[in-house]
Structure formats: C-alpha cells, structure tokens
file structure-v7.pdb (PDB, C-alpha atoms, pLDDT in the B column)
MODEL        1
ATOM      1  CA  MET L1018      -4.466  13.164  50.686  1.00 59.00           C
ATOM      2  CA  ALA L1019      -5.321  10.946  47.709  1.00 74.00           C
ATOM      3  CA  LYS L1020      -2.520   9.241  45.826  1.00 92.00           C
ATOM      4  CA  THR L1021      -1.666  10.965  42.541  1.00 94.00           C
ATOM      5  CA  LEU L1022       0.247  10.311  39.367  1.00 95.00           C
ATOM      6  CA  LEU L1023       2.223  12.647  37.142  1.00 97.00           C
ATOM      7  CA  ALA L1024       0.506  13.370  33.824  1.00 98.00           C
ATOM      8  CA  GLU L1025       2.225  14.907  30.819  1.00 98.00           C
ATOM      9  CA  ILE L1026       0.802  15.789  27.424  1.00 98.00           C
ATOM     10  CA  VAL L1027       3.600  16.133  24.892  1.00 97.00           C
ATOM     11  CA  THR L1028       3.471  17.175  21.232  1.00 96.00           C
ATOM     12  CA  PRO L1029       6.391  17.376  18.787  1.00 95.00           C
ATOM     13  CA  GLU L1030       6.530  21.125  19.462  1.00 94.00           C
ATOM     14  CA  ARG L1031       6.344  21.256  23.262  1.00 95.00           C
ATOM     15  CA  ILE L1032       5.208  19.883  26.595  1.00 96.00           C
ATOM     16  CA  LEU L1033       1.626  21.118  26.699  1.00 95.00           C
ATOM     17  CA  TYR L1034       0.781  19.974  30.225  1.00 97.00           C
ATOM     18  CA  THR L1035       2.514  18.536  33.274  1.00 97.00           C
ATOM     19  CA  ASN L1036       0.872  18.167  36.676  1.00 96.00           C
ATOM     20  CA  GLU L1037      -0.097  15.729  39.409  1.00 96.00           C
ATOM     21  CA  VAL L1038      -3.571  14.252  38.788  1.00 97.00           C
ATOM     22  CA  LEU L1039      -5.881  11.675  40.338  1.00 96.00           C
ATOM     23  CA  MET L1040      -6.857   9.963  37.075  1.00 96.00           C
ATOM     24  CA  VAL L1041      -6.314  10.078  33.308  1.00 98.00           C
ATOM     25  CA  VAL L1042      -9.019   8.977  30.855  1.00 97.00           C
ATOM     26  CA  ALA L1043      -8.157   8.666  27.155  1.00 97.00           C
ATOM     27  CA  THR L1044      -9.739   7.315  23.979  1.00 95.00           C
ATOM     28  CA  THR L1045      -8.102   4.335  22.258  1.00 96.00           C
ATOM     29  CA  PRO L1046      -9.220   2.504  19.107  1.00 96.00           C
ATOM     30  CA  ALA L1047     -10.760  -0.153  21.408  1.00 95.00           C
ATOM     31  CA  GLY L1048     -12.593   2.380  23.620  1.00 95.00           C
ATOM     32  CA  GLU L1049     -11.791   4.464  26.678  1.00 96.00           C
ATOM     33  CA  VAL L1050      -9.054   3.601  29.147  1.00 96.00           C
ATOM     34  CA  GLY L1051      -8.799   5.004  32.658  1.00 96.00           C
ATOM     35  CA  VAL L1052      -5.492   5.184  34.494  1.00 97.00           C
ATOM     36  CA  LEU L1053      -5.274   5.508  38.274  1.00 95.00           C
ATOM     37  CA  PRO L1054      -2.180   5.566  40.507  1.00 94.00           C
ATOM     38  CA  MET L1055      -0.455   2.153  40.750  1.00 92.00           C
ATOM     39  CA  HIS L1056      -1.715   1.153  37.264  1.00 94.00           C
ATOM     40  CA  MET L1057       0.249  -1.588  35.527  1.00 95.00           C
ATOM     41  CA  PRO L1058       2.755  -0.426  32.890  1.00 96.00           C
ATOM     42  CA  MET L1059       1.360  -0.204  29.366  1.00 96.00           C
ATOM     43  CA  VAL L1060       1.661   1.486  26.005  1.00 97.00           C
ATOM     44  CA  THR L1061      -1.406   1.912  23.815  1.00 97.00           C
ATOM     45  CA  GLU L1062      -2.396   3.788  20.704  1.00 97.00           C
ATOM     46  CA  LEU L1063      -4.608   6.848  21.119  1.00 97.00           C
ATOM     47  CA  ALA L1064      -7.518   7.509  18.804  1.00 96.00           C
ATOM     48  CA  PRO L1065      -8.383  11.074  17.862  1.00 95.00           C
ATOM     49  CA  GLY L1066     -10.561  12.389  20.659  1.00 94.00           C
ATOM     50  CA  GLU L1067     -10.532  13.594  24.211  1.00 95.00           C
ATOM     51  CA  VAL L1068      -8.088  13.176  27.087  1.00 97.00           C
ATOM     52  CA  ARG L1069      -9.559  13.978  30.509  1.00 97.00           C
ATOM     53  CA  LEU L1070      -7.451  14.691  33.586  1.00 97.00           C
ATOM     54  CA  GLN L1071      -8.995  14.614  37.057  1.00 96.00           C
ATOM     55  CA  THR L1072      -7.110  17.212  39.064  1.00 93.00           C
ATOM     56  CA  GLY L1073      -9.133  17.010  42.275  1.00 87.00           C
ATOM     57  CA  GLU L1074     -12.207  15.562  43.923  1.00 85.00           C
ATOM     58  CA  GLY L1075     -15.580  16.405  42.410  1.00 79.00           C
ATOM     59  CA  ALA L1076     -17.047  16.967  38.978  1.00 75.00           C
ATOM     60  CA  ALA L1077     -15.599  20.483  38.587  1.00 82.00           C
ATOM     61  CA  ASN L1078     -11.988  19.323  38.882  1.00 91.00           C
ATOM     62  CA  TRP L1079     -11.346  18.014  35.380  1.00 95.00           C
ATOM     63  CA  GLU L1080      -9.184  19.390  32.575  1.00 94.00           C
ATOM     64  CA  PHE L1081      -9.978  18.448  28.979  1.00 95.00           C
ATOM     65  CA  PHE L1082      -7.688  18.177  25.961  1.00 96.00           C
ATOM     66  CA  SER L1083      -8.404  17.328  22.350  1.00 94.00           C
ATOM     67  CA  VAL L1084      -5.775  15.112  20.686  1.00 96.00           C
ATOM     68  CA  SER L1085      -5.400  14.068  17.061  1.00 93.00           C
ATOM     69  CA  GLY L1086      -4.018  10.649  17.971  1.00 94.00           C
ATOM     70  CA  GLY L1087      -0.724   9.311  19.249  1.00 96.00           C
ATOM     71  CA  TYR L1088       0.281   7.039  22.133  1.00 98.00           C
ATOM     72  CA  LEU L1089      -0.329   6.732  25.851  1.00 98.00           C
ATOM     73  CA  GLN L1090       2.474   5.369  28.035  1.00 98.00           C
ATOM     74  CA  VAL L1091       2.039   4.356  31.680  1.00 97.00           C
ATOM     75  CA  HIS L1092       5.095   3.603  33.805  1.00 94.00           C
ATOM     76  CA  GLU L1093       5.062   3.530  37.599  1.00 87.00           C
ATOM     77  CA  ASP L1094       3.078   6.615  38.655  1.00 91.00           C
ATOM     78  CA  LYS L1095       3.569   8.577  35.433  1.00 97.00           C
ATOM     79  CA  VAL L1096       1.339   8.854  32.359  1.00 98.00           C
ATOM     80  CA  ILE L1097       2.678  10.388  29.172  1.00 98.00           C
ATOM     81  CA  VAL L1098       0.366  11.284  26.306  1.00 98.00           C
ATOM     82  CA  LEU L1099       2.474  11.521  23.149  1.00 97.00           C
ATOM     83  CA  ALA L1100       0.164  13.334  20.755  1.00 95.00           C
ATOM     84  CA  ASP L1101       0.660  14.346  17.141  1.00 92.00           C
ATOM     85  CA  ALA L1102      -1.325  17.498  17.970  1.00 93.00           C
ATOM     86  CA  ALA L1103      -3.175  18.548  21.115  1.00 94.00           C
ATOM     87  CA  VAL L1104      -4.997  21.563  22.483  1.00 92.00           C
ATOM     88  CA  ALA L1105      -6.573  22.373  25.824  1.00 92.00           C
ATOM     89  CA  VAL L1106     -10.321  22.578  25.277  1.00 88.00           C
ATOM     90  CA  SER L1107     -10.369  25.767  27.353  1.00 86.00           C
ATOM     91  CA  GLN L1108      -8.081  27.379  24.740  1.00 86.00           C
ATOM     92  CA  ILE L1109     -10.256  26.604  21.694  1.00 82.00           C
ATOM     93  CA  ASP L1110     -11.717  29.690  20.019  1.00 81.00           C
ATOM     94  CA  LYS L1111     -15.292  28.585  19.285  1.00 83.00           C
ATOM     95  CA  ALA L1112     -15.952  31.184  16.575  1.00 86.00           C
ATOM     96  CA  ARG L1113     -12.755  30.278  14.739  1.00 82.00           C
ATOM     97  CA  ALA L1114     -13.514  26.548  15.026  1.00 80.00           C
ATOM     98  CA  LEU L1115     -17.016  27.032  13.576  1.00 85.00           C
ATOM     99  CA  GLU L1116     -15.538  29.124  10.767  1.00 86.00           C
ATOM    100  CA  SER L1117     -13.090  26.310   9.958  1.00 80.00           C
ATOM    101  CA  ILE L1118     -15.907  23.752   9.907  1.00 83.00           C
ATOM    102  CA  GLU L1119     -17.868  25.854   7.406  1.00 87.00           C
ATOM    103  CA  LEU L1120     -14.797  26.257   5.194  1.00 85.00           C
ATOM    104  CA  ILE L1121     -14.201  22.491   5.223  1.00 87.00           C
ATOM    105  CA  LYS L1122     -17.865  21.835   4.351  1.00 90.00           C
ATOM    106  CA  GLU L1123     -17.595  24.227   1.399  1.00 89.00           C
ATOM    107  CA  ARG L1124     -14.445  22.531   0.137  1.00 88.00           C
ATOM    108  CA  LEU L1125     -16.006  19.078   0.487  1.00 89.00           C
ATOM    109  CA  ALA L1126     -19.074  20.231  -1.452  1.00 89.00           C
ATOM    110  CA  GLU L1127     -16.793  21.243  -4.329  1.00 87.00           C
ATOM    111  CA  LEU L1128     -15.425  17.695  -4.706  1.00 83.00           C
TER     112      LEU L1128
ENDMDL
END
call {"tool": "encode", "arguments": {"input": "structure-v7.pdb", "output": "structure tokens"}}
result
Amino acid sequence: MAKTLLAEIVTPERILYTNEVLMVVATTPAGEVGVLPMHMPMVTELAPGEVRLQTGEGAANWEFFSVSGGYLQVHEDKVIVLADAAVAVSQIDKARALESIELIKERLAEL
C-alpha cells in the first residue's frame, strides 16, 4: 500500500475534512505547491483558489475544495489547511452560484 499523510481542512467554524490522502495540491501566492508523504515541514500562505486531495490511485480519486485563502501547514505526515472559508466543490449549488454572480455583476454596474 502507498504511504499516506493525514489531511485536514479547517475553517473557523469547523473541521471540514479529515482523511488519509496520497497528495495535497494547493495554490499559494507564488504558484501551486504539492505535498507528498515525508515532505519537509513548512508553513505557507494560501491564495484564494483550489485545494486538491488525491485519495487513491488514478484520475478519478481526487477531492476538490475551494478556499478563500488562509495557511497551509506541513508537519511530519500531516497537512493542515487553515482556511478563512472553504467548501467542497461537490457541495456547490451551481444554480445558486450563478445567481450570486449575476447579482454581483448588477451591483458592480451600479457603481
């Protein structure tokens, strides 16, 4: 079995995700960073964007989260994403998101 690391996505309200994964990929202000088991310890700022978690072998075994920013901490075989706000992409209501985009566009046009 492949070596794994524990990944957690934490917001001020709750622990959104905790599971063993093969890899974590996150967006930083300098670009993307990938974390595999046995990665050196680090703390880095997260840019608003996507966090990808590889849960198994193959292209179908990824989970995706949208984060508004925050920090990524790696220590031993644990990765913690400390996000201001986060949501699992699978939980996003597309119709509601499109409605929000239109409302924002209307408000921006009024400025």
call {"tool": "resolve_selection", "arguments": {"input": "structure-v7.pdb", "expression": "the PyMOL selection byres ((chain L and resi 1021) around 10)", "output": "PyMOL selection string"}}
result
chain L and resi 1018-1020+1022-1024+1036-1040+1053-1055+1071-1073+1094-1095
call {"tool": "write_last_selection", "arguments": {"input": "structure-v7.pdb", "atoms": "C-alpha atoms", "output": "CSV table (one decimal), keeping the file's coordinate frame"}}
result
chain,number,residue,atom,x,y,z
L,1018,MET,CA,-4.5,13.2,50.7
L,1019,ALA,CA,-5.3,10.9,47.7
L,1020,LYS,CA,-2.5,9.2,45.8
L,1022,LEU,CA,0.2,10.3,39.4
L,1023,LEU,CA,2.2,12.6,37.1
L,1024,ALA,CA,0.5,13.4,33.8
L,1036,ASN,CA,0.9,18.2,36.7
L,1037,GLU,CA,-0.1,15.7,39.4
L,1038,VAL,CA,-3.6,14.3,38.8
L,1039,LEU,CA,-5.9,11.7,40.3
L,1040,MET,CA,-6.9,10.0,37.1
L,1053,LEU,CA,-5.3,5.5,38.3
L,1054,PRO,CA,-2.2,5.6,40.5
L,1055,MET,CA,-0.5,2.2,40.8
L,1071,GLN,CA,-9.0,14.6,37.1
L,1072,THR,CA,-7.1,17.2,39.1
L,1073,GLY,CA,-9.1,17.0,42.3
L,1094,ASP,CA,3.1,6.6,38.7
L,1095,LYS,CA,3.6,8.6,35.4
call {"tool": "closest_residue", "arguments": {"input": "structure-v7.pdb", "among": "L:Leu1089, L:Val1096, L:Ile1118, L:Ala1043", "to": "Val1060 in chain L", "atoms": "only C-alpha atoms"}}
result
L:Leu1089
call {"tool": "resolve_selection", "arguments": {"input": "structure-v7.pdb", "expression": "the PyMOL selection byres ((chain L and resi 1041) around 6)", "output": "list in words"}}
result
Met1040, Val1042, Gly1051, Val1052, Arg1069 and Leu1070 of chain L
call {"tool": "residues_near_point", "arguments": {"input": "structure-v7.pdb", "point": "(-0.5, 7.2, 18.0)", "cutoff": "10 Å", "atoms": "all atoms listed in the file", "output": "PyMOL selection string"}}
result
chain L and resi 1045-1046+1061-1065+1084-1089+1098-1101
call {"tool": "atom_distance", "arguments": {"input": "structure-v7.pdb", "atom1": "CA of His1056 in chain L", "atom2": "CA of Pro1029 in chain L"}}
result
25.9 Å
call {"tool": "atom_distance", "arguments": {"input": "structure-v7.pdb", "atom1": "CA of Tyr1034 in chain L", "atom2": "CA of Arg1113 in chain L"}}
result
23.0 Å
call {"tool": "atom_distance", "arguments": {"input": "structure-v7.pdb", "atom1": "CA of Met1059 in chain L", "atom2": "CA of Val1091 in chain L"}}
result
5.2 Å
call {"tool": "closest_residue", "arguments": {"input": "structure-v7.pdb", "among": "L:Ala1126, L:Gln1090, L:Ala1102, L:Asp1110", "to": "Glu1067 in chain L", "atoms": "all atoms listed in the file"}}
result
L:Ala1102
call {"tool": "resolve_selection", "arguments": {"input": "structure-v7.pdb", "expression": "the PyMOL selection byres ((chain L and resi 1105) around 9)", "output": "list in words"}}
result
Leu1033, Tyr1034, Glu1080, Phe1081, Phe1082, Ser1083, Val1084, Ala1103, Val1104, Val1106, Ser1107, Gln1108 and Ile1109 of chain L
call {"tool": "decode", "arguments": {"input": "structure-v7.pdb", "residues": "chain L", "atoms": "C-alpha atoms", "output": "mmCIF file, in the first residue's frame"}}
result
data_model
loop_
_atom_site.group_PDB
_atom_site.id
_atom_site.type_symbol
_atom_site.label_atom_id
_atom_site.label_comp_id
_atom_site.auth_asym_id
_atom_site.auth_seq_id
_atom_site.Cartn_x
_atom_site.Cartn_y
_atom_site.Cartn_z
ATOM 1 C CA MET L 1018 0.000 0.000 0.000
ATOM 2 C CA ALA L 1019 1.208 3.520 -0.813
ATOM 3 C CA LYS L 1020 2.372 5.758 2.004
ATOM 4 C CA THR L 1021 -0.218 8.361 3.008
ATOM 5 C CA LEU L 1022 -0.469 11.540 5.006
ATOM 6 C CA LEU L 1023 -3.291 12.925 7.112
ATOM 7 C CA ALA L 1024 -5.020 15.918 5.522
ATOM 8 C CA GLU L 1025 -7.320 18.290 7.376
ATOM 9 C CA ILE L 1026 -9.214 21.303 6.087
ATOM 10 C CA VAL L 1027 -10.198 23.551 8.974
ATOM 11 C CA THR L 1028 -12.280 26.739 8.990
ATOM 12 C CA PRO L 1029 -13.098 28.944 11.992
ATOM 13 C CA GLU L 1030 -16.472 27.184 12.203
ATOM 14 C CA ARG L 1031 -15.479 23.522 11.897
ATOM 15 C CA ILE L 1032 -13.220 20.774 10.619
ATOM 16 C CA LEU L 1033 -14.488 20.394 7.067
ATOM 17 C CA TYR L 1034 -12.381 17.387 6.079
ATOM 18 C CA THR L 1035 -10.048 14.862 7.675
ATOM 19 C CA ASN L 1036 -8.744 11.763 5.914
ATOM 20 C CA GLU L 1037 -5.640 9.901 4.796
ATOM 21 C CA VAL L 1038 -4.530 11.014 1.309
ATOM 22 C CA LEU L 1039 -1.689 10.354 -1.114
ATOM 23 C CA MET L 1040 -1.053 14.000 -2.026
ATOM 24 C CA VAL L 1041 -2.259 17.550 -1.358
ATOM 25 C CA VAL L 1042 -2.025 20.282 -4.008
ATOM 26 C CA ALA L 1043 -2.794 23.886 -3.033
ATOM 27 C CA THR L 1044 -2.497 27.356 -4.544
ATOM 28 C CA THR L 1045 -0.107 29.845 -2.927
ATOM 29 C CA PRO L 1046 0.671 33.423 -3.987
ATOM 30 C CA ALA L 1047 3.837 32.052 -5.667
ATOM 31 C CA GLY L 1048 2.012 29.231 -7.508
ATOM 32 C CA GLU L 1049 0.954 25.675 -6.754
ATOM 33 C CA VAL L 1050 2.601 23.509 -4.122
ATOM 34 C CA GLY L 1051 2.309 19.734 -3.946
ATOM 35 C CA VAL L 1052 2.791 17.850 -0.697
ATOM 36 C CA LEU L 1053 3.608 14.140 -0.594
ATOM 37 C CA PRO L 1054 4.317 11.918 2.426
ATOM 38 C CA MET L 1055 7.705 12.658 4.056
ATOM 39 C CA HIS L 1056 7.585 16.313 2.886
ATOM 40 C CA MET L 1057 9.754 18.737 4.837
ATOM 41 C CA PRO L 1058 7.948 20.851 7.455
ATOM 42 C CA MET L 1059 6.646 24.182 6.182
ATOM 43 C CA VAL L 1060 4.049 26.882 6.635
ATOM 44 C CA THR L 1061 2.891 28.919 3.652
ATOM 45 C CA GLU L 1062 0.146 31.356 2.811
ATOM 46 C CA LEU L 1063 -2.726 30.104 0.664
ATOM 47 C CA ALA L 1064 -4.140 32.186 -2.152
ATOM 48 C CA PRO L 1065 -7.850 32.048 -2.896
ATOM 49 C CA GLY L 1066 -8.351 29.040 -5.130
ATOM 50 C CA GLU L 1067 -8.449 25.290 -5.187
ATOM 51 C CA VAL L 1068 -7.117 22.611 -2.850
ATOM 52 C CA ARG L 1069 -6.919 19.141 -4.411
ATOM 53 C CA LEU L 1070 -6.619 15.942 -2.387
ATOM 54 C CA GLN L 1071 -5.570 12.687 -4.045
ATOM 55 C CA THR L 1072 -7.392 9.956 -2.163
ATOM 56 C CA GLY L 1073 -6.318 6.999 -4.293
ATOM 57 C CA GLU L 1074 -4.550 5.928 -7.454
ATOM 58 C CA GLY L 1075 -5.916 7.202 -10.754
ATOM 59 C CA ALA L 1076 -7.518 10.346 -12.094
ATOM 60 C CA ALA L 1077 -10.941 9.642 -10.547
ATOM 61 C CA ASN L 1078 -9.625 9.619 -6.977
ATOM 62 C CA TRP L 1079 -9.391 13.335 -6.255
ATOM 63 C CA GLU L 1080 -11.462 15.554 -3.968
ATOM 64 C CA PHE L 1081 -11.653 19.285 -4.668
ATOM 65 C CA PHE L 1082 -12.211 22.192 -2.288
ATOM 66 C CA SER L 1083 -12.493 25.908 -2.907
ATOM 67 C CA VAL L 1084 -10.782 28.092 -0.282
ATOM 68 C CA SER L 1085 -10.846 31.853 0.186
ATOM 69 C CA GLY L 1086 -7.266 31.967 1.451
ATOM 70 C CA GLY L 1087 -5.501 31.066 4.667
ATOM 71 C CA TYR L 1088 -2.444 28.963 5.521
ATOM 72 C CA LEU L 1089 -1.071 25.519 4.782
ATOM 73 C CA GLN L 1090 0.970 23.772 7.478
ATOM 74 C CA VAL L 1091 3.001 20.603 6.899
ATOM 75 C CA HIS L 1092 4.451 18.726 9.864
ATOM 76 C CA GLU L 1093 5.643 15.126 9.705
ATOM 77 C CA ASP L 1094 2.944 13.250 7.765
ATOM 78 C CA LYS L 1095 0.134 15.732 8.411
ATOM 79 C CA VAL L 1096 -1.115 18.637 6.289
ATOM 80 C CA ILE L 1097 -3.478 21.193 7.769
ATOM 81 C CA VAL L 1098 -5.258 23.717 5.575
ATOM 82 C CA LEU L 1099 -6.348 26.610 7.791
ATOM 83 C CA ALA L 1100 -8.866 28.413 5.606
ATOM 84 C CA ASP L 1101 -10.885 31.551 6.244
ATOM 85 C CA ALA L 1102 -13.714 29.871 4.312
ATOM 86 C CA ALA L 1103 -13.849 26.601 2.388
ATOM 87 C CA VAL L 1104 -16.382 24.444 0.598
ATOM 88 C CA ALA L 1105 -16.220 21.051 -1.065
ATOM 89 C CA VAL L 1106 -16.703 21.601 -4.787
ATOM 90 C CA SER L 1107 -19.135 18.674 -4.823
ATOM 91 C CA GLN L 1108 -21.370 20.636 -2.412
ATOM 92 C CA ILE L 1109 -21.605 23.825 -4.505
ATOM 93 C CA ASP L 1110 -25.095 24.543 -5.833
ATOM 94 C CA LYS L 1111 -24.377 25.657 -9.409
ATOM 95 C CA ALA L 1112 -27.682 27.488 -9.914
ATOM 96 C CA ARG L 1113 -27.253 29.434 -6.683
ATOM 97 C CA ALA L 1114 -23.633 30.285 -7.544
ATOM 98 C CA LEU L 1115 -24.642 31.609 -10.983
ATOM 99 C CA GLU L 1116 -27.421 33.634 -9.363
ATOM 100 C CA SER L 1117 -24.891 35.183 -6.961
ATOM 101 C CA ILE L 1118 -22.560 36.058 -9.838
ATOM 102 C CA GLU L 1119 -25.372 37.868 -11.664
ATOM 103 C CA LEU L 1120 -26.309 39.788 -8.512
ATOM 104 C CA ILE L 1121 -22.685 40.864 -8.012
ATOM 105 C CA LYS L 1122 -22.439 41.978 -11.661
ATOM 106 C CA GLU L 1123 -25.587 44.080 -11.235
ATOM 107 C CA ARG L 1124 -24.236 45.714 -8.089
ATOM 108 C CA LEU L 1125 -20.889 46.441 -9.746
ATOM 109 C CA ALA L 1126 -22.666 48.023 -12.720
ATOM 110 C CA GLU L 1127 -24.407 50.415 -10.322
ATOM 111 C CA LEU L 1128 -21.086 51.795 -9.032
#
